[in-house]
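I have placed the structure first, in the form of structure tokens, so that the comments after it can refer back to it.
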Amino acid sequence: MNIGEVAKLSGVNPKLVRHYESIGLVSKPIRADSGYRLYSEKDIHTLRFIKRARGLGFSLPEIKQLLGLWKNKSRASAQVKSLAMTHVKEMQAKISELQSMCDTLTHLAKHCHGDHRPDCPILEELEGE
């Protein structure tokens with residue numbers, strides 16, 4: 001299959017397919033005499049795996065670890081679980097941070113008159129006064 005076909009079947013655009021190759025997430029495909037990349041079913045499965053992992057918010061280094069674990073049939077599932085739970089904790093911390101930001105901005109907006117006067121608690125907070 002060429003890059004267009006593998007992109008369509010995996011749901012990963014060709015530019016990302018080439019990027020994933022360049023950083024070693026996907027193995028370099030063989031080349032046809034014409035120079036075009038030729039992909040296999042295995043490449044489609046790998047790209048789908050990467051796409052699903054990205055959809056869950058895993059970073060590229062984490063995905064590289066997950067791919068290694070996925071390919072290692074003698075792996076311990078504890079390694080996979082540990083990686084996933086670390087990611088969950090990071091996401092929970094980010095959610096908490098975003099909720100705090102939202103709460104602060106909502107509070108400031110409620111106290112802004114939103115009229116013709118120049119005083120504004122939002123700008124005052126940003127100013128740090």
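The chains in the structure tokens are called A, B, ... from first to last as shown; in each chain the residues are counted from 1, and the ligands are counted from 1 in the order shown.
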
List as number ranges by chain the protein and nucleic acid residues near stretch 87-102 of chain A, meaning an atom at most 10 Å away when only C-alpha atoms are counted, but skip any in the same chain fewer than 3 places from it.
A: 56-59, 62, 81-84, 105-108

Would you mind exporting the chosen residues as a short mmCIF file (atom, residue, chain, number, x, y, z; two decimals), in the first residue's frame, restricted to N, CA and C atoms?
```cif
data_model
loop_
_atom_site.label_atom_id
_atom_site.label_comp_id
_atom_site.auth_asym_id
_atom_site.auth_seq_id
_atom_site.Cartn_x
_atom_site.Cartn_y
_atom_site.Cartn_z
N LEU A 56 -6.18 9.35 23.66
CA LEU A 56 -6.26 9.27 25.12
C LEU A 56 -5.29 10.23 25.79
N GLY A 57 -4.60 11.03 24.98
CA GLY A 57 -3.73 12.06 25.52
C GLY A 57 -2.32 11.64 25.86
N PHE A 58 -1.93 10.43 25.48
CA PHE A 58 -0.56 10.01 25.74
C PHE A 58 0.41 10.83 24.90
N SER A 59 1.55 11.15 25.48
CA SER A 59 2.59 11.89 24.76
C SER A 59 3.31 10.92 23.82
N GLU A 62 5.53 8.52 25.67
CA GLU A 62 4.72 7.49 26.32
C GLU A 62 4.24 6.47 25.29
N LYS A 81 -0.07 -0.96 33.11
CA LYS A 81 -0.97 -0.34 34.09
C LYS A 81 -0.29 0.83 34.77
N SER A 82 0.97 0.68 35.13
CA SER A 82 1.71 1.75 35.80
C SER A 82 1.80 2.98 34.91
N LEU A 83 2.11 2.77 33.64
CA LEU A 83 2.19 3.87 32.69
C LEU A 83 0.83 4.55 32.54
N ALA A 84 -0.23 3.76 32.45
CA ALA A 84 -1.57 4.32 32.31
C ALA A 84 -1.98 5.10 33.55
N LEU A 105 -11.69 32.79 36.76
CA LEU A 105 -12.16 33.68 35.70
C LEU A 105 -13.66 33.92 35.81
N THR A 106 -14.42 32.92 36.17
CA THR A 106 -15.86 33.09 36.37
C THR A 106 -16.13 34.08 37.49
N HIS A 107 -15.41 33.95 38.59
CA HIS A 107 -15.55 34.87 39.72
C HIS A 107 -15.23 36.30 39.29
N LEU A 108 -14.13 36.47 38.57
CA LEU A 108 -13.74 37.81 38.13
C LEU A 108 -14.77 38.40 37.17
#
```

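Proximity of A:Asn72, A:Ile122, A:Arg117, A:Glu41 to A:Thr104, computed with only C-alpha atoms, is greatest for A:Ile122.
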
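Put simply, atom CA of A:Leu9 is 26.5 Å away from atom CA of A:Val80.
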
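Here atom CA of A:His45 and atom CA of A:Lys8 stand 12.4 Å from one another.
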
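Interatomic distance, atom CA of A:Arg52 against atom CA of A:Gly68: 15.4 Å.
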
Mind checking DSSP for chain A and telling me the strand (DSSP E) residues as an MDAnalysis selection string?
chainID A and resid 30:31 37:38
